[in-house]
Every structure is written in structure tokens, then in C-alpha cells.
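K.L.:
Handing you this structure, nothing more for now.
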Amino acid sequence: MISDLYYQAIVDRIDSFCEISPAFYIALRPLLKVYKFPNSEYILRKGRSAKFAWFVIEGYLREVTNSNPSNPAHTTWFWYPGDFVLAYPVFFNQKEAISDIEVLPNTILLEISYEDFLTLRLSNPRVNKLEEELKFYYDKARIDHHEDLFNLSGKQKYQKFHNAHPALFNVVKHKDITSFLAMKDFSFRRYYSLLP
């Protein structure tokens, strides 16, 4: 059984997306498992089905897309505390993952299997609404990020991301942030040394 603190964290986050019956939360709690990651670890690899979804209690994860042979570890997304980690865009339809998902050091996740998620969906009609809201939220976040890559200067991208997630800069490799922000290494180093 997960702790009350972890349970309340996921309940509060779900409530921020939509209202679901108390019966859903009662059914959810015994289906959740806690995993602690002291070191980096891949929890999903490209080409495999996403058998689990996760909720970030503490720490960070990144999505890695290997589309460019000269840069085999291009970071295309980060997840933060309070995020649902759903293999994009394939958890709900159980197609093969198009990217890897890496947990970064000192991360704590809650995990639910796809089979258990289906059980919740069948017994709680509002889960469909939650699914829609999650898809919309993360699709919009990705669209906003891609717009920023094209519309903001390097300095603006750096400042916006640093202001939103300052602690991440002490955890993740800076090359992964430059990859995510589509910045040159020398530009990142300049902003990192000059900007708060």
C-alpha cells in the first residue's frame, strides 16, 4: 500500500484535470506501486508496448528520440514532479513506443499497469474524461514547446525554461537541456554563466 502522502499527491493532481467519483479513488489506491530510482534507468524502449503509466512524485524523466545518427540521444521531452508519464502518443492505444523514456537519478514514481488502467476505465465511466483531459494537456504542452523553439530567441528559451524548472539544471546533463531547447552548446554555456 502506498503512503498517504503519495496517494494524496496523485489524487490532487487527478482532481486538477476532472472530477471523478470516490469509488474510483478507492479502486485506484491498491493498483499503484511505488518505485524509487537512485540512478538513471530506462523504463521504456522504442518499439516496445507501453505496459505501464507513471506519476512523478519526486525527480525527473526525459524522453529520448534517436532519429539522428550523429546525435543518438536527442531529448524531446521532460517530465517533472506532479506529471503523468504516458508514452507519447501510444499508452492509451498500446501501439509501439516511438521514443525511449529514461528516469533520472533520485526519482520516485507511482506505477499502474495498462491492464489495471483498463479495469478502472471499465468500472468508472469518468476515466474516459480523465484520459481526454490528459491527452489535451500534454498535446498542448508539446505544441507550446515547439512554438517556443521557433518563435523565441535562445536567450528567451533559456530564461523561460530555467524560470519554470530551475532545479532540473542541477540534475540533468546540460547537453540534454540544449538538445531539448534546440540550442548550441556555446549559447547555453553563455546564458548559464551570465543569467540567474
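Convention: chains lettered A, B, ... in C-alpha cells order; per-chain residue numbering from 1; ligands numbered from 1 as shown.
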Set the distance at 9 Å and use only C-alpha atoms: which residues neighbour range 176-178 of chain A once local chain neighbours fewer than 3 positions away are removed? I'd like the list as a PyMOL selection string.
P.N.:
chain A and resi 62+73-76+158+169+172-173+181-185+187-188
K.L.:
Take the selection from the previous step and output its residues with N, CA, C and O atoms, as a CSV table (one decimal), in the first residue's frame.
P.N.:
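again21.csv was written with the following content:
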```
chain,number,residue,atom,x,y,z
A,62,ARG,N,13.1,11.9,-18.8
A,62,ARG,CA,13.2,12.5,-20.1
A,62,ARG,C,12.9,11.5,-21.2
A,62,ARG,O,13.0,10.3,-21.0
A,73,ALA,N,21.0,10.6,-28.9
A,73,ALA,CA,20.2,10.8,-27.6
A,73,ALA,C,19.6,12.2,-27.6
A,73,ALA,O,19.9,13.0,-26.7
A,74,HIS,N,18.7,12.5,-28.5
A,74,HIS,CA,18.1,13.8,-28.6
A,74,HIS,C,16.9,13.8,-27.6
A,74,HIS,O,16.0,13.0,-27.6
A,75,THR,N,17.0,14.7,-26.6
A,75,THR,CA,15.9,14.9,-25.6
A,75,THR,C,14.8,15.6,-26.2
A,75,THR,O,14.9,16.8,-26.6
A,76,THR,N,13.6,15.0,-26.3
A,76,THR,CA,12.4,15.6,-26.9
A,76,THR,C,11.4,16.0,-25.8
A,76,THR,O,10.4,16.7,-26.2
A,158,TYR,N,16.0,29.9,-23.0
A,158,TYR,CA,16.8,29.5,-21.8
A,158,TYR,C,16.1,30.1,-20.5
A,158,TYR,O,15.9,29.4,-19.5
A,169,PHE,N,18.2,21.9,-13.6
A,169,PHE,CA,19.6,22.3,-14.1
A,169,PHE,C,20.6,21.7,-13.2
A,169,PHE,O,21.8,21.6,-13.7
A,172,VAL,N,20.0,17.2,-14.5
A,172,VAL,CA,20.2,16.7,-15.8
A,172,VAL,C,21.5,17.2,-16.5
A,172,VAL,O,22.0,18.3,-16.1
A,173,LYS,N,22.0,16.4,-17.4
A,173,LYS,CA,23.2,16.9,-18.2
A,173,LYS,C,22.8,18.1,-19.0
A,173,LYS,O,21.7,18.1,-19.6
A,181,LEU,N,16.0,22.3,-25.9
A,181,LEU,CA,15.8,23.7,-26.3
A,181,LEU,C,16.3,24.0,-27.7
A,181,LEU,O,16.1,25.2,-28.2
A,182,ALA,N,16.9,23.1,-28.4
A,182,ALA,CA,17.4,23.3,-29.8
A,182,ALA,C,18.4,24.5,-29.8
A,182,ALA,O,18.3,25.4,-30.6
A,183,MET,N,19.3,24.4,-28.8
A,183,MET,CA,20.3,25.5,-28.6
A,183,MET,C,21.7,24.9,-28.9
A,183,MET,O,21.9,23.7,-28.8
A,184,LYS,N,22.6,25.8,-29.3
A,184,LYS,CA,24.0,25.5,-29.4
A,184,LYS,C,24.7,25.4,-28.0
A,184,LYS,O,24.3,26.2,-27.1
A,185,ASP,N,25.7,24.6,-27.9
A,185,ASP,CA,26.4,24.4,-26.6
A,185,ASP,C,26.9,25.7,-26.1
A,185,ASP,O,26.8,26.1,-24.9
A,187,SER,N,26.0,28.8,-26.7
A,187,SER,CA,25.0,29.7,-26.3
A,187,SER,C,24.5,29.3,-24.9
A,187,SER,O,24.3,30.2,-24.0
A,188,PHE,N,24.3,28.0,-24.7
A,188,PHE,CA,23.8,27.6,-23.4
A,188,PHE,C,24.8,27.9,-22.3
A,188,PHE,O,24.5,28.4,-21.2
```
K.L.:
Just the residues within 9 Å of Lys135 in chain A, please, counting only C-alpha atoms, with nothing from its chain fewer than 5 positions along; format it as a list of chain:residue names.
P.N.:
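The residues satisfying every condition are A:Pro89, A:Leu130, A:Lys140.
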K.L.:
Select from range 12-174 of chain A everything DSSP, run on the backbone, classes as strand (DSSP E or B), then give the selection as a ChimeraX atom specification.
P.N.:
/A:33-37,41-44,49,52-58,61-65,68,71,74-79,84-85,96,100-103,107-113
K.L.:
Selection from above, C-alpha atoms, as a PDB file, in the first residue's frame, can you write it?
P.N.:
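Dumped to part_24.pdb:
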```pdb
ATOM      1  CA  LYS A  33       3.082   0.618  -6.891  1.00  0.00           C
ATOM      2  CA  VAL A  34       5.971   2.800  -5.716  1.00  0.00           C
ATOM      3  CA  TYR A  35       9.393   2.681  -7.383  1.00  0.00           C
ATOM      4  CA  LYS A  36      12.468   4.583  -6.271  1.00  0.00           C
ATOM      5  CA  PHE A  37      15.344   5.140  -8.693  1.00  0.00           C
ATOM      6  CA  GLU A  41      17.403   3.874 -15.828  1.00  0.00           C
ATOM      7  CA  TYR A  42      15.391   3.346 -18.995  1.00  0.00           C
ATOM      8  CA  ILE A  43      11.853   2.233 -18.171  1.00  0.00           C
ATOM      9  CA  LEU A  44      10.618   2.060 -21.765  1.00  0.00           C
ATOM     10  CA  SER A  49       4.459  -1.526 -25.958  1.00  0.00           C
ATOM     11  CA  PHE A  52       2.740   0.953 -17.631  1.00  0.00           C
ATOM     12  CA  ALA A  53       1.976   4.589 -16.932  1.00  0.00           C
ATOM     13  CA  TRP A  54       3.678   6.531 -14.153  1.00  0.00           C
ATOM     14  CA  PHE A  55       3.109   9.528 -11.901  1.00  0.00           C
ATOM     15  CA  VAL A  56       6.107  11.558 -10.750  1.00  0.00           C
ATOM     16  CA  ILE A  57       6.247  12.048  -7.001  1.00  0.00           C
ATOM     17  CA  GLU A  58       9.806  13.355  -6.947  1.00  0.00           C
ATOM     18  CA  LEU A  61      12.340  11.833 -16.503  1.00  0.00           C
ATOM     19  CA  ARG A  62      13.224  12.525 -20.099  1.00  0.00           C
ATOM     20  CA  GLU A  63      12.035  11.295 -23.466  1.00  0.00           C
ATOM     21  CA  VAL A  64      14.815  10.326 -25.835  1.00  0.00           C
ATOM     22  CA  THR A  65      14.338  10.139 -29.589  1.00  0.00           C
ATOM     23  CA  ASN A  68      19.591  11.447 -35.855  1.00  0.00           C
ATOM     24  CA  ASN A  71      23.144  12.679 -32.091  1.00  0.00           C
ATOM     25  CA  HIS A  74      18.076  13.772 -28.593  1.00  0.00           C
ATOM     26  CA  THR A  75      15.943  14.861 -25.620  1.00  0.00           C
ATOM     27  CA  THR A  76      12.441  15.612 -26.868  1.00  0.00           C
ATOM     28  CA  TRP A  77      10.580  15.954 -23.548  1.00  0.00           C
ATOM     29  CA  PHE A  78      10.964  16.202 -19.782  1.00  0.00           C
ATOM     30  CA  TRP A  79       8.544  15.200 -17.032  1.00  0.00           C
ATOM     31  CA  PHE A  84       1.755  11.796 -15.526  1.00  0.00           C
ATOM     32  CA  VAL A  85       4.278   9.942 -17.661  1.00  0.00           C
ATOM     33  CA  GLU A  96       4.763   0.552 -30.103  1.00  0.00           C
ATOM     34  CA  ASP A 100      12.716   5.828 -25.048  1.00  0.00           C
ATOM     35  CA  ILE A 101      11.851   7.027 -21.544  1.00  0.00           C
ATOM     36  CA  GLU A 102      14.692   7.488 -19.065  1.00  0.00           C
ATOM     37  CA  VAL A 103      14.269   8.036 -15.339  1.00  0.00           C
ATOM     38  CA  THR A 107      13.274   9.862  -8.781  1.00  0.00           C
ATOM     39  CA  ILE A 108      10.190   8.358  -7.135  1.00  0.00           C
ATOM     40  CA  LEU A 109       7.332   7.127  -9.329  1.00  0.00           C
ATOM     41  CA  LEU A 110       3.906   5.643  -8.825  1.00  0.00           C
ATOM     42  CA  GLU A 111       3.163   2.982 -11.431  1.00  0.00           C
ATOM     43  CA  ILE A 112      -0.040   1.459 -12.789  1.00  0.00           C
ATOM     44  CA  SER A 113      -0.250  -1.269 -15.405  1.00  0.00           C
TER      45      SER A 113
END
```
K.L.:
Env of Arg29 in chain A: 8 Å cut, atoms = only C-alpha atoms, seq-sep filter 3 positions within chain, self excluded. Answer as a ChimeraX atom specification.
P.N.:
/A:1-2,7,25-26,32
K.L.:
Given the choices A:Ala141, A:Ala167, A:Cys18, A:Ala97, which gets closest to Arg45 in chain A if the distance is worked out from only C-alpha atoms?
P.N.:
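Using only C-alpha atoms, the shortest distance to Arg45 in chain A belongs to A:Ala97.
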K.L.:
Taking the DSSP assignment computed from this structure's backbone, write out as number ranges by chain all residues of range 66-145 of chain A that belong to alpha helix (DSSP H).
P.N.:
A: 114-123, 127-145
K.L.:
Mind writing the picked residues with N, CA, C and O atoms as an mmCIF file, in the first residue's frame?
P.N.:
```
data_model
loop_
_atom_site.group_PDB
_atom_site.id
_atom_site.type_symbol
_atom_site.label_atom_id
_atom_site.label_comp_id
_atom_site.auth_asym_id
_atom_site.auth_seq_id
_atom_site.Cartn_x
_atom_site.Cartn_y
_atom_site.Cartn_z
ATOM 1 N N TYR A 114 -1.205 -1.157 -17.609
ATOM 2 C CA TYR A 114 -2.253 -0.874 -18.586
ATOM 3 C C TYR A 114 -3.493 -1.714 -18.287
ATOM 4 O O TYR A 114 -4.623 -1.227 -18.406
ATOM 5 N N GLU A 115 -3.291 -2.974 -17.886
ATOM 6 C CA GLU A 115 -4.421 -3.844 -17.570
ATOM 7 C C GLU A 115 -5.246 -3.276 -16.407
ATOM 8 O O GLU A 115 -6.476 -3.281 -16.445
ATOM 9 N N ASP A 116 -4.556 -2.780 -15.375
ATOM 10 C CA ASP A 116 -5.275 -2.186 -14.248
ATOM 11 C C ASP A 116 -5.960 -0.883 -14.649
ATOM 12 O O ASP A 116 -7.059 -0.572 -14.170
ATOM 13 N N PHE A 117 -5.321 -0.129 -15.531
ATOM 14 C CA PHE A 117 -5.950 1.090 -16.037
ATOM 15 C C PHE A 117 -7.245 0.746 -16.779
ATOM 16 O O PHE A 117 -8.267 1.438 -16.622
ATOM 17 N N LEU A 118 -7.219 -0.325 -17.577
ATOM 18 C CA LEU A 118 -8.421 -0.753 -18.297
ATOM 19 C C LEU A 118 -9.544 -1.121 -17.325
ATOM 20 O O LEU A 118 -10.712 -0.799 -17.554
ATOM 21 N N THR A 119 -9.185 -1.802 -16.252
ATOM 22 C CA THR A 119 -10.174 -2.163 -15.235
ATOM 23 C C THR A 119 -10.837 -0.917 -14.663
ATOM 24 O O THR A 119 -12.073 -0.859 -14.509
ATOM 25 N N LEU A 120 -10.026 0.089 -14.358
ATOM 26 C CA LEU A 120 -10.579 1.346 -13.844
ATOM 27 C C LEU A 120 -11.478 2.012 -14.875
ATOM 28 O O LEU A 120 -12.533 2.562 -14.541
ATOM 29 N N ARG A 121 -11.049 1.969 -16.116
ATOM 30 C CA ARG A 121 -11.836 2.598 -17.180
ATOM 31 C C ARG A 121 -13.198 1.922 -17.329
ATOM 32 O O ARG A 121 -14.226 2.590 -17.508
ATOM 33 N N LEU A 122 -13.220 0.597 -17.279
ATOM 34 C CA LEU A 122 -14.474 -0.144 -17.461
ATOM 35 C C LEU A 122 -15.436 0.077 -16.305
ATOM 36 O O LEU A 122 -16.653 0.098 -16.501
ATOM 37 N N SER A 123 -14.907 0.247 -15.107
ATOM 38 C CA SER A 123 -15.776 0.382 -13.941
ATOM 39 C C SER A 123 -16.090 1.839 -13.571
ATOM 40 O O SER A 123 -16.932 2.087 -12.713
ATOM 41 N N VAL A 127 -13.375 7.939 -16.260
ATOM 42 C CA VAL A 127 -11.970 7.751 -16.628
ATOM 43 C C VAL A 127 -11.749 8.169 -18.086
ATOM 44 O O VAL A 127 -10.688 8.669 -18.443
ATOM 45 N N ASN A 128 -12.755 7.993 -18.922
ATOM 46 C CA ASN A 128 -12.638 8.446 -20.317
ATOM 47 C C ASN A 128 -12.425 9.955 -20.377
ATOM 48 O O ASN A 128 -11.648 10.450 -21.195
ATOM 49 N N LYS A 129 -13.121 10.679 -19.513
ATOM 50 C CA LYS A 129 -12.942 12.137 -19.449
ATOM 51 C C LYS A 129 -11.528 12.474 -18.983
ATOM 52 O O LYS A 129 -10.880 13.371 -19.526
ATOM 53 N N LEU A 130 -11.039 11.766 -17.973
ATOM 54 C CA LEU A 130 -9.671 11.980 -17.499
ATOM 55 C C LEU A 130 -8.668 11.731 -18.617
ATOM 56 O O LEU A 130 -7.735 12.517 -18.814
ATOM 57 N N GLU A 131 -8.875 10.658 -19.357
ATOM 58 C CA GLU A 131 -7.990 10.336 -20.480
ATOM 59 C C GLU A 131 -7.968 11.463 -21.507
ATOM 60 O O GLU A 131 -6.905 11.871 -21.974
ATOM 61 N N GLU A 132 -9.134 11.978 -21.849
ATOM 62 C CA GLU A 132 -9.223 13.093 -22.804
ATOM 63 C C GLU A 132 -8.492 14.325 -22.288
ATOM 64 O O GLU A 132 -7.770 14.990 -23.042
ATOM 65 N N GLU A 133 -8.690 14.628 -21.015
ATOM 66 C CA GLU A 133 -8.049 15.813 -20.429
ATOM 67 C C GLU A 133 -6.531 15.662 -20.400
ATOM 68 O O GLU A 133 -5.792 16.618 -20.665
ATOM 69 N N LEU A 134 -6.044 14.479 -20.066
ATOM 70 C CA LEU A 134 -4.599 14.241 -20.059
ATOM 71 C C LEU A 134 -4.010 14.389 -21.452
ATOM 72 O O LEU A 134 -2.971 15.026 -21.640
ATOM 73 N N LYS A 135 -4.677 13.790 -22.434
ATOM 74 C CA LYS A 135 -4.201 13.902 -23.817
ATOM 75 C C LYS A 135 -4.133 15.365 -24.244
ATOM 76 O O LYS A 135 -3.140 15.816 -24.814
ATOM 77 N N PHE A 136 -5.203 16.105 -23.970
ATOM 78 C CA PHE A 136 -5.247 17.513 -24.361
ATOM 79 C C PHE A 136 -4.139 18.308 -23.678
ATOM 80 O O PHE A 136 -3.438 19.093 -24.314
ATOM 81 N N TYR A 137 -3.969 18.097 -22.385
ATOM 82 C CA TYR A 137 -2.981 18.846 -21.611
ATOM 83 C C TYR A 137 -1.567 18.630 -22.154
ATOM 84 O O TYR A 137 -0.825 19.588 -22.381
ATOM 85 N N TYR A 138 -1.198 17.374 -22.359
ATOM 86 C CA TYR A 138 0.173 17.095 -22.792
ATOM 87 C C TYR A 138 0.380 17.377 -24.283
ATOM 88 O O TYR A 138 1.471 17.786 -24.689
ATOM 89 N N ASP A 139 -0.659 17.190 -25.097
ATOM 90 C CA ASP A 139 -0.546 17.585 -26.512
ATOM 91 C C ASP A 139 -0.337 19.094 -26.620
ATOM 92 O O ASP A 139 0.504 19.562 -27.388
ATOM 93 N N LYS A 140 -1.109 19.848 -25.850
ATOM 94 C CA LYS A 140 -0.966 21.308 -25.875
ATOM 95 C C LYS A 140 0.410 21.727 -25.382
ATOM 96 O O LYS A 140 1.033 22.632 -25.950
ATOM 97 N N ALA A 141 0.897 21.077 -24.322
ATOM 98 C CA ALA A 141 2.220 21.418 -23.805
ATOM 99 C C ALA A 141 3.297 21.175 -24.851
ATOM 100 O O ALA A 141 4.222 21.978 -25.006
ATOM 101 N N ARG A 142 3.184 20.099 -25.594
ATOM 102 C CA ARG A 142 4.171 19.814 -26.644
ATOM 103 C C ARG A 142 4.076 20.821 -27.787
ATOM 104 O O ARG A 142 5.087 21.272 -28.315
ATOM 105 N N ILE A 143 2.850 21.181 -28.152
ATOM 106 C CA ILE A 143 2.671 22.188 -29.204
ATOM 107 C C ILE A 143 3.262 23.523 -28.759
ATOM 108 O O ILE A 143 3.970 24.192 -29.528
ATOM 109 N N ASP A 144 2.987 23.917 -27.522
ATOM 110 C CA ASP A 144 3.532 25.178 -26.993
ATOM 111 C C ASP A 144 5.063 25.157 -27.019
ATOM 112 O O ASP A 144 5.696 26.161 -27.354
ATOM 113 N N HIS A 145 5.637 24.015 -26.652
ATOM 114 C CA HIS A 145 7.102 23.908 -26.652
ATOM 115 C C HIS A 145 7.653 24.062 -28.069
ATOM 116 O O HIS A 145 8.636 24.793 -28.285
#
```
K.L.:
To one decimal place in Å, what is the distance between CA of Ser16 in chain A and CA of Leu104 in chain A?
P.N.:
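Interatomic distance, CA of Ser16 in chain A to CA of Leu104 in chain A: 25.5 Å.
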K.L.:
Within 12 Å of Lys95 in chain A, counting only C-alpha atoms, which residues show up once you throw out same-chain ones fewer than 5 positions away? Write them as a list in words, please.
P.N.:
Lys46, Gly47, Arg48, Ser49, Ala50, Lys51, Ala87, Tyr88, Pro89 and Val90 of chain A
K.L.:
Keeping only N, CA and C atoms, write those residues as a short mmCIF file (atom, residue, chain, number, x, y, z; two decimals), in the first residue's frame.
P.N.:
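Saved result, result-v6.cif, follows:
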```
data_model
loop_
_atom_site.label_atom_id
_atom_site.label_comp_id
_atom_site.auth_asym_id
_atom_site.auth_seq_id
_atom_site.Cartn_x
_atom_site.Cartn_y
_atom_site.Cartn_z
N LYS A 46 12.08 2.30 -27.23
CA LYS A 46 11.41 2.46 -28.52
C LYS A 46 11.09 1.09 -29.12
N GLY A 47 9.89 0.97 -29.68
CA GLY A 47 9.49 -0.27 -30.33
C GLY A 47 8.75 -1.25 -29.43
N ARG A 48 8.73 -0.95 -28.13
CA ARG A 48 8.02 -1.82 -27.20
C ARG A 48 6.68 -1.19 -26.82
N SER A 49 5.76 -2.04 -26.42
CA SER A 49 4.46 -1.53 -25.96
C SER A 49 4.61 -0.91 -24.58
N ALA A 50 3.86 0.14 -24.35
CA ALA A 50 3.90 0.83 -23.05
C ALA A 50 2.96 0.10 -22.10
N LYS A 51 3.49 -0.81 -21.31
CA LYS A 51 2.68 -1.63 -20.42
C LYS A 51 2.34 -0.93 -19.11
N ALA A 87 3.68 7.16 -22.28
CA ALA A 87 4.46 7.03 -23.52
C ALA A 87 3.71 7.75 -24.63
N TYR A 88 4.38 8.67 -25.29
CA TYR A 88 3.71 9.53 -26.27
C TYR A 88 3.83 8.94 -27.67
N PRO A 89 2.76 8.84 -28.43
CA PRO A 89 1.36 9.07 -28.04
C PRO A 89 0.64 7.74 -27.87
N VAL A 90 1.30 6.73 -27.31
CA VAL A 90 0.85 5.35 -27.52
C VAL A 90 0.39 4.58 -26.29
#
```
K.L.:
One number please: CA of Pro81 in chain A to CA of Ser40 in chain A, in Å, one decimal.
P.N.:
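It comes out at 16.1 Å.
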